[in-house]
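Take a look at the structure set out below.
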Amino acid sequence: MSRPMRRPGTLRPEQRTRSGRSANADADAVRQALACEDCGQQQAGGLCEACGCRRRTEALIVEAAMVAATWAADLGDQAGGAAGRPQ
Ligand SMILES: [Zn+2]
């Protein structure tokens, strides 16, 4: 039994992946070449790890502050409503 060793399934996806990869790699290289917006570090992809981490932390703090403010307002509203709202 001698079958021709043709593997069309292995060649085509590989070529597709290669061309897709090179396009993505180019975009990644351009992105990576950007300096950090916050501290100006080169090759930081627009934002270095430290500044990215700081931004996430700041965003979390703002979010937590807003949740706390909403919560406090709710508590105040409930207390004020129970005392002063005629029903
Ligand atoms: Zn930075």
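Residues in the structure tokens are named by chain (A, B, ... in the order shown) and by number from 1 within that chain; ligands are numbered from 1 in the order shown.
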
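Inspection of the environment of ligand 1, which uses only C-alpha atoms and all ligand atoms and a cut-off of 7 Å, identifies the neighbouring residues as Cys36, Glu37, Asp38, Cys39, Gly40, Gln41, Leu47, Cys48, Glu49, Ala50 and Cys51 of chain A.
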
Kindly save the residues from that selection, with C-alpha atoms included, as an mmCIF file, in the first residue's frame.
data_model
loop_
_atom_site.group_PDB
_atom_site.id
_atom_site.type_symbol
_atom_site.label_atom_id
_atom_site.label_comp_id
_atom_site.auth_asym_id
_atom_site.auth_seq_id
_atom_site.Cartn_x
_atom_site.Cartn_y
_atom_site.Cartn_z
ATOM 1 C CA CYS A 36 4.839 55.306 28.382
ATOM 2 C CA GLU A 37 2.226 58.064 28.518
ATOM 3 C CA ASP A 38 2.832 58.734 32.198
ATOM 4 C CA CYS A 39 6.585 58.396 32.835
ATOM 5 C CA GLY A 40 7.970 58.463 29.267
ATOM 6 C CA GLN A 41 9.686 55.079 29.459
ATOM 7 C CA LEU A 47 1.951 52.537 29.192
ATOM 8 C CA CYS A 48 4.634 50.759 31.199
ATOM 9 C CA GLU A 49 3.842 48.032 33.697
ATOM 10 C CA ALA A 50 4.339 50.263 36.739
ATOM 11 C CA CYS A 51 2.104 53.050 35.419
#

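With only C-alpha atoms as the atoms that count, the residue of A:Asn24, A:Ala33, A:Glu63, A:Thr70 with the shortest distance to Gly45 in chain A is A:Ala33.
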
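Separating CA of Arg55 in chain A from CA of Asp74 in chain A is a distance of 28.2 Å.
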
Practice task
Any chance you could list, as number ranges by chain, the residues in range 17-70 of chain A that come up helix (DSSP H, G or I) when DSSP is run on the backbone?
Solution key: A: 17-33, 49-70
